[in-house]
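Shown here: work_19.pdb, PDB, C-alpha atoms.
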MODEL        1
ATOM      1  CA  ASP A   1     -43.634 -82.039   0.820
ATOM      2  CA  ALA A   2     -42.961 -80.386  -2.516
ATOM      3  CA  LYS A   3     -46.439 -79.780  -3.898
ATOM      4  CA  THR A   4     -47.224 -78.383  -7.312
ATOM      5  CA  THR A   5     -49.608 -75.746  -8.642
ATOM      6  CA  GLN A   6     -51.020 -75.870 -12.154
ATOM      7  CA  PRO A   7     -53.784 -74.003 -13.999
ATOM      8  CA  THR A   8     -57.034 -75.928 -14.075
ATOM      9  CA  SER A   9     -57.410 -75.812 -17.855
ATOM     10  CA  MET A  10     -55.848 -74.425 -21.026
ATOM     11  CA  ASP A  11     -56.781 -74.251 -24.683
ATOM     12  CA  CYS A  12     -54.439 -74.663 -27.620
ATOM     13  CA  ALA A  13     -54.987 -74.551 -31.376
ATOM     14  CA  GLU A  14     -54.057 -77.667 -33.303
ATOM     15  CA  GLY A  15     -50.573 -77.404 -34.782
ATOM     16  CA  ARG A  16     -49.464 -74.729 -32.362
ATOM     17  CA  ALA A  17     -47.157 -75.174 -29.404
ATOM     18  CA  ALA A  18     -48.788 -75.913 -26.056
ATOM     19  CA  ASN A  19     -46.972 -74.453 -23.054
ATOM     20  CA  LEU A  20     -48.106 -75.878 -19.725
ATOM     21  CA  PRO A  21     -46.766 -74.121 -16.616
ATOM     22  CA  CYS A  22     -46.172 -75.586 -13.173
ATOM     23  CA  ASN A  23     -45.088 -74.000  -9.905
ATOM     24  CA  HIS A  24     -43.169 -76.073  -7.356
ATOM     25  CA  SER A  25     -41.691 -73.421  -5.101
ATOM     26  CA  THR A  26     -40.897 -75.788  -2.209
ATOM     27  CA  ILE A  27     -38.989 -78.323  -4.254
ATOM     28  CA  SER A  28     -35.876 -79.759  -2.613
ATOM     29  CA  GLY A  29     -32.479 -79.773  -4.233
ATOM     30  CA  ASN A  30     -32.478 -83.434  -5.170
ATOM     31  CA  GLU A  31     -36.106 -83.773  -6.234
ATOM     32  CA  TYR A  32     -36.911 -84.337  -9.875
ATOM     33  CA  VAL A  33     -39.859 -82.835 -11.737
ATOM     34  CA  TYR A  34     -41.954 -85.333 -13.691
ATOM     35  CA  TRP A  35     -44.710 -84.812 -16.216
ATOM     36  CA  TYR A  36     -47.412 -87.345 -16.968
ATOM     37  CA  ARG A  37     -50.609 -87.083 -18.942
ATOM     38  CA  GLN A  38     -53.878 -88.946 -18.656
ATOM     39  CA  ILE A  39     -56.321 -89.373 -21.463
ATOM     40  CA  HIS A  40     -59.849 -89.910 -20.241
ATOM     41  CA  SER A  41     -60.361 -93.212 -18.397
ATOM     42  CA  GLN A  42     -56.851 -94.474 -19.128
ATOM     43  CA  GLY A  43     -53.769 -94.894 -16.994
ATOM     44  CA  PRO A  44     -51.338 -91.949 -16.826
ATOM     45  CA  GLN A  45     -48.611 -91.911 -19.456
ATOM     46  CA  TYR A  46     -45.068 -90.810 -18.677
ATOM     47  CA  ILE A  47     -43.875 -87.843 -20.734
ATOM     48  CA  ILE A  48     -40.598 -86.483 -19.413
ATOM     49  CA  HIS A  49     -38.661 -85.632 -16.261
ATOM     50  CA  GLY A  50     -35.748 -83.427 -15.263
ATOM     51  CA  LEU A  51     -33.705 -82.028 -12.391
ATOM     52  CA  LYS A  52     -31.987 -78.791 -13.391
ATOM     53  CA  ASN A  53     -31.273 -78.802 -17.081
ATOM     54  CA  ASN A  54     -33.809 -78.503 -19.844
ATOM     55  CA  GLU A  55     -34.806 -81.836 -21.306
ATOM     56  CA  THR A  56     -36.232 -82.899 -24.653
ATOM     57  CA  ASN A  57     -37.515 -86.184 -25.986
ATOM     58  CA  GLU A  58     -39.735 -87.309 -28.820
ATOM     59  CA  MET A  59     -42.859 -86.206 -27.028
ATOM     60  CA  ALA A  60     -42.054 -82.890 -25.409
ATOM     61  CA  SER A  61     -39.560 -80.440 -23.951
ATOM     62  CA  LEU A  62     -39.198 -79.538 -20.293
ATOM     63  CA  ILE A  63     -37.926 -76.112 -19.303
ATOM     64  CA  ILE A  64     -36.950 -75.697 -15.644
ATOM     65  CA  THR A  65     -36.167 -72.247 -14.249
ATOM     66  CA  GLU A  66     -32.752 -71.644 -12.750
ATOM     67  CA  ASP A  67     -34.147 -71.427  -9.217
ATOM     68  CA  ARG A  68     -36.127 -74.639  -9.901
ATOM     69  CA  LYS A  69     -39.306 -73.135  -8.502
ATOM     70  CA  SER A  70     -41.228 -73.566 -11.716
ATOM     71  CA  SER A  71     -41.185 -75.447 -14.973
ATOM     72  CA  THR A  72     -42.944 -75.507 -18.344
ATOM     73  CA  LEU A  73     -43.864 -78.493 -20.449
ATOM     74  CA  ILE A  74     -43.858 -77.742 -24.163
ATOM     75  CA  LEU A  75     -45.667 -79.811 -26.757
ATOM     76  CA  PRO A  76     -44.198 -78.322 -29.933
ATOM     77  CA  HIS A  77     -47.014 -79.130 -32.361
ATOM     78  CA  ALA A  78     -50.174 -80.040 -30.483
ATOM     79  CA  THR A  79     -52.621 -82.450 -32.102
ATOM     80  CA  LEU A  80     -56.171 -83.371 -31.154
ATOM     81  CA  ARG A  81     -54.815 -86.553 -29.589
ATOM     82  CA  ASP A  82     -52.855 -84.447 -27.096
ATOM     83  CA  THR A  83     -56.120 -83.459 -25.402
ATOM     84  CA  ALA A  84     -55.653 -84.811 -21.884
ATOM     85  CA  VAL A  85     -55.016 -83.898 -18.258
ATOM     86  CA  TYR A  86     -51.352 -83.093 -17.712
ATOM     87  CA  TYR A  87     -49.827 -83.673 -14.288
ATOM     88  CA  CYS A  88     -46.720 -81.967 -12.993
ATOM     89  CA  ILE A  89     -45.276 -84.097 -10.211
ATOM     90  CA  VAL A  90     -42.476 -83.801  -7.716
ATOM     91  CA  ARG A  91     -41.391 -86.834  -5.769
ATOM     92  CA  VAL A  92     -42.243 -86.771  -2.087
ATOM     93  CA  GLY A  93     -39.633 -87.883   0.399
ATOM     94  CA  ASN A  94     -36.953 -90.454  -0.142
ATOM     95  CA  PHE A  95     -39.136 -93.187  -1.487
ATOM     96  CA  ASN A  96     -40.482 -93.322  -4.995
ATOM     97  CA  LYS A  97     -43.831 -91.790  -4.038
ATOM     98  CA  PHE A  98     -45.426 -89.432  -6.506
ATOM     99  CA  TYR A  99     -47.827 -86.716  -5.450
ATOM    100  CA  PHE A 100     -50.465 -86.161  -8.126
ATOM    101  CA  GLY A 101     -52.350 -82.885  -7.950
ATOM    102  CA  SER A 102     -55.414 -82.081 -10.042
ATOM    103  CA  GLY A 103     -53.395 -81.343 -13.188
ATOM    104  CA  THR A 104     -54.155 -79.118 -16.179
ATOM    105  CA  LYS A 105     -56.857 -80.087 -18.644
ATOM    106  CA  LEU A 106     -55.426 -79.261 -22.075
ATOM    107  CA  ASN A 107     -58.024 -78.832 -24.800
ATOM    108  CA  VAL A 108     -56.548 -78.926 -28.292
ATOM    109  CA  LYS A 109     -58.992 -77.389 -30.750
ATOM    110  CA  PRO A 110     -59.126 -77.685 -34.563
TER     111      PRO A 110
ATOM    112  CA  ASP B   1     -45.563-107.615 -24.938
ATOM    113  CA  GLY B   2     -44.118-106.081 -21.774
ATOM    114  CA  GLY B   3     -46.396-104.077 -19.578
ATOM    115  CA  ILE B   4     -48.842-103.834 -16.728
ATOM    116  CA  THR B   5     -52.246-105.424 -16.902
ATOM    117  CA  GLN B   6     -55.230-104.815 -14.683
ATOM    118  CA  SER B   7     -58.372-106.837 -14.694
ATOM    119  CA  PRO B   8     -61.203-106.480 -15.036
ATOM    120  CA  LYS B   9     -61.643-103.077 -16.711
ATOM    121  CA  TYR B  10     -65.086-102.612 -15.140
ATOM    122  CA  LEU B  11     -66.237-104.203 -11.899
ATOM    123  CA  PHE B  12     -69.567-104.024 -10.140
ATOM    124  CA  ARG B  13     -70.182-105.173  -6.569
ATOM    125  CA  LYS B  14     -72.863-104.969  -3.992
ATOM    126  CA  GLU B  15     -72.307-102.887  -0.899
ATOM    127  CA  GLY B  16     -70.707-104.881   1.925
ATOM    128  CA  GLN B  17     -68.822-107.286  -0.318
ATOM    129  CA  ASN B  18     -65.050-107.512  -0.476
ATOM    130  CA  VAL B  19     -63.572-107.340  -3.956
ATOM    131  CA  THR B  20     -60.045-108.001  -5.223
ATOM    132  CA  LEU B  21     -58.498-106.096  -8.110
ATOM    133  CA  SER B  22     -55.750-107.742 -10.087
ATOM    134  CA  CYS B  23     -52.461-106.144 -11.149
ATOM    135  CA  GLU B  24     -49.751-108.036 -13.009
ATOM    136  CA  GLN B  25     -46.522-106.806 -14.558
ATOM    137  CA  ASN B  26     -43.913-108.566 -16.681
ATOM    138  CA  LEU B  27     -41.416-105.698 -16.651
ATOM    139  CA  ASN B  28     -39.303-107.284 -13.900
ATOM    140  CA  HIS B  29     -39.937-104.209 -11.761
ATOM    141  CA  ASP B  30     -39.258-104.352  -8.035
ATOM    142  CA  ALA B  31     -41.743-101.712  -6.891
ATOM    143  CA  MET B  32     -45.503-101.655  -7.371
ATOM    144  CA  TYR B  33     -48.162 -99.134  -6.376
ATOM    145  CA  TRP B  34     -51.925 -98.745  -6.076
ATOM    146  CA  TYR B  35     -53.662 -95.413  -6.598
ATOM    147  CA  ARG B  36     -57.257 -94.329  -6.393
ATOM    148  CA  GLN B  37     -58.755 -91.619  -8.596
ATOM    149  CA  ASP B  38     -62.097 -89.923  -8.042
ATOM    150  CA  PRO B  39     -63.855 -87.895 -10.764
ATOM    151  CA  GLY B  40     -62.052 -84.663 -11.618
ATOM    152  CA  GLN B  41     -59.279 -85.295  -9.140
ATOM    153  CA  GLY B  42     -55.697 -86.456  -9.158
ATOM    154  CA  LEU B  43     -54.384 -89.806  -8.011
ATOM    155  CA  ARG B  44     -54.028 -90.709  -4.360
ATOM    156  CA  LEU B  45     -51.650 -93.411  -3.152
ATOM    157  CA  ILE B  46     -53.265 -96.374  -1.358
ATOM    158  CA  TYR B  47     -50.418 -98.849  -0.859
ATOM    159  CA  TYR B  48     -47.007 -99.469  -2.301
ATOM    160  CA  SER B  49     -44.545-102.325  -2.269
ATOM    161  CA  GLN B  50     -40.830-101.947  -2.768
ATOM    162  CA  ILE B  51     -39.994-105.643  -2.705
ATOM    163  CA  VAL B  52     -41.660-109.042  -2.494
ATOM    164  CA  ASN B  53     -43.303-109.796   0.854
ATOM    165  CA  ASP B  54     -43.136-106.185   1.933
ATOM    166  CA  PHE B  55     -45.556-103.275   1.528
ATOM    167  CA  GLN B  56     -46.346 -99.930   3.136
ATOM    168  CA  LYS B  57     -49.470 -97.856   3.579
ATOM    169  CA  GLY B  58     -49.920 -94.839   1.395
ATOM    170  CA  ASP B  59     -52.041 -91.805   2.123
ATOM    171  CA  ILE B  60     -55.480 -93.491   2.063
ATOM    172  CA  ALA B  61     -54.932 -97.115   3.109
ATOM    173  CA  GLU B  62     -57.951 -97.472   5.399
ATOM    174  CA  GLY B  63     -60.415-100.027   4.090
ATOM    175  CA  TYR B  64     -57.901-101.605   1.705
ATOM    176  CA  SER B  65     -55.478-104.511   1.920
ATOM    177  CA  VAL B  66     -52.725-105.828  -0.348
ATOM    178  CA  SER B  67     -50.312-108.728  -0.693
ATOM    179  CA  ARG B  68     -47.050-109.119  -2.561
ATOM    180  CA  GLU B  69     -46.255-112.816  -2.695
ATOM    181  CA  LYS B  70     -44.756-112.648  -6.167
ATOM    182  CA  LYS B  71     -42.709-109.967  -7.884
ATOM    183  CA  GLU B  72     -45.124-109.862 -10.803
ATOM    184  CA  SER B  73     -48.351-109.496  -8.841
ATOM    185  CA  PHE B  74     -49.770-106.938  -6.410
ATOM    186  CA  PRO B  75     -53.503-107.541  -5.854
ATOM    187  CA  LEU B  76     -55.617-104.970  -4.022
ATOM    188  CA  THR B  77     -58.615-105.951  -1.907
ATOM    189  CA  VAL B  78     -61.284-103.360  -1.320
ATOM    190  CA  THR B  79     -62.957-104.393   1.906
ATOM    191  CA  SER B  80     -66.413-103.623   3.233
ATOM    192  CA  ALA B  81     -64.739-101.194   5.648
ATOM    193  CA  GLN B  82     -63.971 -98.799   2.786
ATOM    194  CA  LYS B  83     -66.768 -96.241   3.048
ATOM    195  CA  ASN B  84     -66.662 -94.895  -0.511
ATOM    196  CA  PRO B  85     -65.175 -97.614  -2.703
ATOM    197  CA  THR B  86     -66.593 -96.469  -6.038
ATOM    198  CA  ALA B  87     -63.614 -95.067  -7.938
ATOM    199  CA  PHE B  88     -61.070 -95.636 -10.702
ATOM    200  CA  TYR B  89     -58.172 -97.757  -9.438
ATOM    201  CA  LEU B  90     -54.745 -97.585 -11.032
ATOM    202  CA  CYS B  91     -51.779 -99.857 -10.553
ATOM    203  CA  ALA B  92     -48.213 -98.802 -11.358
ATOM    204  CA  SER B  93     -44.733-100.255 -11.195
ATOM    205  CA  SER B  94     -41.183 -98.958 -11.245
ATOM    206  CA  MET B  95     -37.824-100.637 -11.552
ATOM    207  CA  GLU B  96     -36.220 -99.245  -8.431
ATOM    208  CA  PRO B  97     -37.792 -99.320  -4.990
ATOM    209  CA  GLY B  98     -36.361 -95.976  -4.031
ATOM    210  CA  LEU B  99     -34.407 -96.861  -0.931
ATOM    211  CA  ALA B 100     -34.352 -94.543   2.043
ATOM    212  CA  GLY B 101     -31.691 -91.888   1.778
ATOM    213  CA  PHE B 102     -31.423 -92.074  -1.980
ATOM    214  CA  SER B 103     -33.215 -89.987  -4.520
ATOM    215  CA  SER B 104     -34.682 -92.326  -7.049
ATOM    216  CA  THR B 105     -35.262 -90.987 -10.516
ATOM    217  CA  ASP B 106     -37.164 -94.039 -11.520
ATOM    218  CA  THR B 107     -40.262 -93.641 -13.635
ATOM    219  CA  GLN B 108     -43.576 -95.209 -12.714
ATOM    220  CA  TYR B 109     -45.510 -96.984 -15.452
ATOM    221  CA  PHE B 110     -49.255 -97.340 -15.121
ATOM    222  CA  GLY B 111     -51.770 -99.984 -16.055
ATOM    223  CA  PRO B 112     -55.059 -99.236 -17.835
ATOM    224  CA  GLY B 113     -57.072 -99.074 -14.616
ATOM    225  CA  THR B 114     -60.129-100.765 -13.145
ATOM    226  CA  ARG B 115     -63.333 -98.829 -12.648
ATOM    227  CA  LEU B 116     -65.102-100.169  -9.557
ATOM    228  CA  THR B 117     -68.738 -99.379  -8.939
ATOM    229  CA  VAL B 118     -70.387-100.418  -5.704
ATOM    230  CA  LEU B 119     -74.131-100.586  -5.919
TER     231      LEU B 119
ENDMDL
END
If you convert what's in this file into structure tokens, what do you get?
Amino acid sequence: DAKTTQPTSMDCAEGRAANLPCNHSTISGNEYVYWYRQIHSQGPQYIIHGLKNNETNEMASLIITEDRKSSTLILPHATLRDTAVYYCIVRVGNFNKFYFGSGTKLNVKP
Amino acid sequence: DGGITQSPKYLFRKEGQNVTLSCEQNLNHDAMYWYRQDPGQGLRLIYYSQIVNDFQKGDIAEGYSVSREKKESFPLTVTSAQKNPTAFYLCASSMEPGLAGFSSTDTQYFGPGTRLTVL
């Protein structure tokens, strides 16, 4: 199983970029990396996913290292509403099963 | 509006009672999932269903049961056999079931959750 390792918590100043790291050293060649976030007492929200290339959408950018053993989620201009737990996820096995670790609690401060 | 709905948002039950949590989606998704979340922890998979009338156990299925009689609905029953049922329950769905041998890139979309408290 490709598990992930993330820091427990991080702080970021409002308006600055938030860079959230994730290690997934046992990832298989065809496994995608997904990022979700969960605001307190709500369902997780999809942010972005990728395989090898860097990806960008309206919410964030995903940078995946060449060896695919780690990735970084970038929120370019963090706001107070980005305060949440961010989960880095790698699919487990052939079925669409996600393994959710404990995530990173991002605190965006004024 | 398209989406996933879970009801109720808060649910209280007495110990020893079975309780059924509702999950409905109008996204025309084939696959549906149930997760459990305990305070300060990530999500753990209870059951999942890739297609109507079929479902598989996840990592913590003991004490739970599900049915998938309709594509839109995937109710979860928390039985009296579940030793620690108090938790936040999340339902999700995805378009593709992720067939064996294929790497699905399909995204899971989550409902708002039901917080179950057993007294």
* Asked: Which residues fall under the PyMOL selection byres ((chain A and resi 20-27) around 10) in this file, as JSON, numbers by chain?
  -> {"A": [1, 2, 3, 4, 5, 6, 7, 9, 10, 17, 18, 19, 28, 29, 30, 31, 32, 33, 35, 62, 63, 64, 67, 68, 69, 70, 71, 72, 73, 74, 75, 86, 87, 88, 89, 90, 91, 92, 103, 104, 105, 106]}
* Option closest in space to chain B, from A:Val108, A:Ala78, A:Val85, A:Cys12 [counting all atoms listed in the file] -> A:Val85
Hey, what's within 9 Å of Ser22 in chain B if we count all atoms listed in the file and toss same-chain stuff fewer than 3 positions away? As a JSON list (two decimals) with C-alpha atoms, in the frame of the given file, please?
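See out_17.json below for the written result:
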[["chain", "number", "residue", "atom", "x", "y", "z"],
["B", 5, "THR", "CA", -52.25, -105.42, -16.90],
["B", 6, "GLN", "CA", -55.23, -104.82, -14.68],
["B", 7, "SER", "CA", -58.37, -106.84, -14.69],
["B", 8, "PRO", "CA", -61.20, -106.48, -15.04],
["B", 73, "SER", "CA", -48.35, -109.50, -8.84],
["B", 74, "PHE", "CA", -49.77, -106.94, -6.41],
["B", 75, "PRO", "CA", -53.50, -107.54, -5.85],
["B", 76, "LEU", "CA", -55.62, -104.97, -4.02],
["B", 77, "THR", "CA", -58.62, -105.95, -1.91],
["B", 91, "CYS", "CA", -51.78, -99.86, -10.55],
["B", 114, "THR", "CA", -60.13, -100.76, -13.14]]
* To do: Up to 8 Å from chain B, what residues of chain A turn up? Count all atoms listed in the file and give them as a PyMOL selection string.
  => chain A and resi 30-32+41-46+94-96+99-103
* Asked: Quick one: which residues end up in the PyMOL selection byres ((chain B and resi 70) around 10) for this structure, as a PyMOL selection string?
  -> chain B and resi 24+51-53+67-69+71-74
* What gap, in Å, lies between CA of Leu119 in chain B and CA of Glu15 in chain B? -> 5.8 Å
* For Ile47 in chain A, the nearest of the candidates A:Arg16, A:His77, A:Pro110, A:Ala60, counting all atoms listed in the file -> A:Ala60
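The gap separating CA of Tyr34 in chain A from CA of Asn54 in chain A is 12.3 Å, in Å to one decimal.
Picked by the PyMOL selection byres ((chain B and resi 62) around 8) from the coordinates shown: Ile60, Ala61, Gly63, Tyr64, Ala81 and Gln82 of chain B.
Note that CA of Lys97 in chain A and CA of Ser93 in chain B are 11.1 Å apart.
Residue nearest Pro85 in chain B, chosen from B:Met32, B:Leu116, B:Thr20, B:Leu27 and counting only C-alpha atoms: B:Leu116.
The smallest atom-to-atom distance between Gln17 in chain B and any of B:Ser65, B:Thr86, B:Thr117, B:Ser80, using all atoms listed in the file, is found for B:Ser80.
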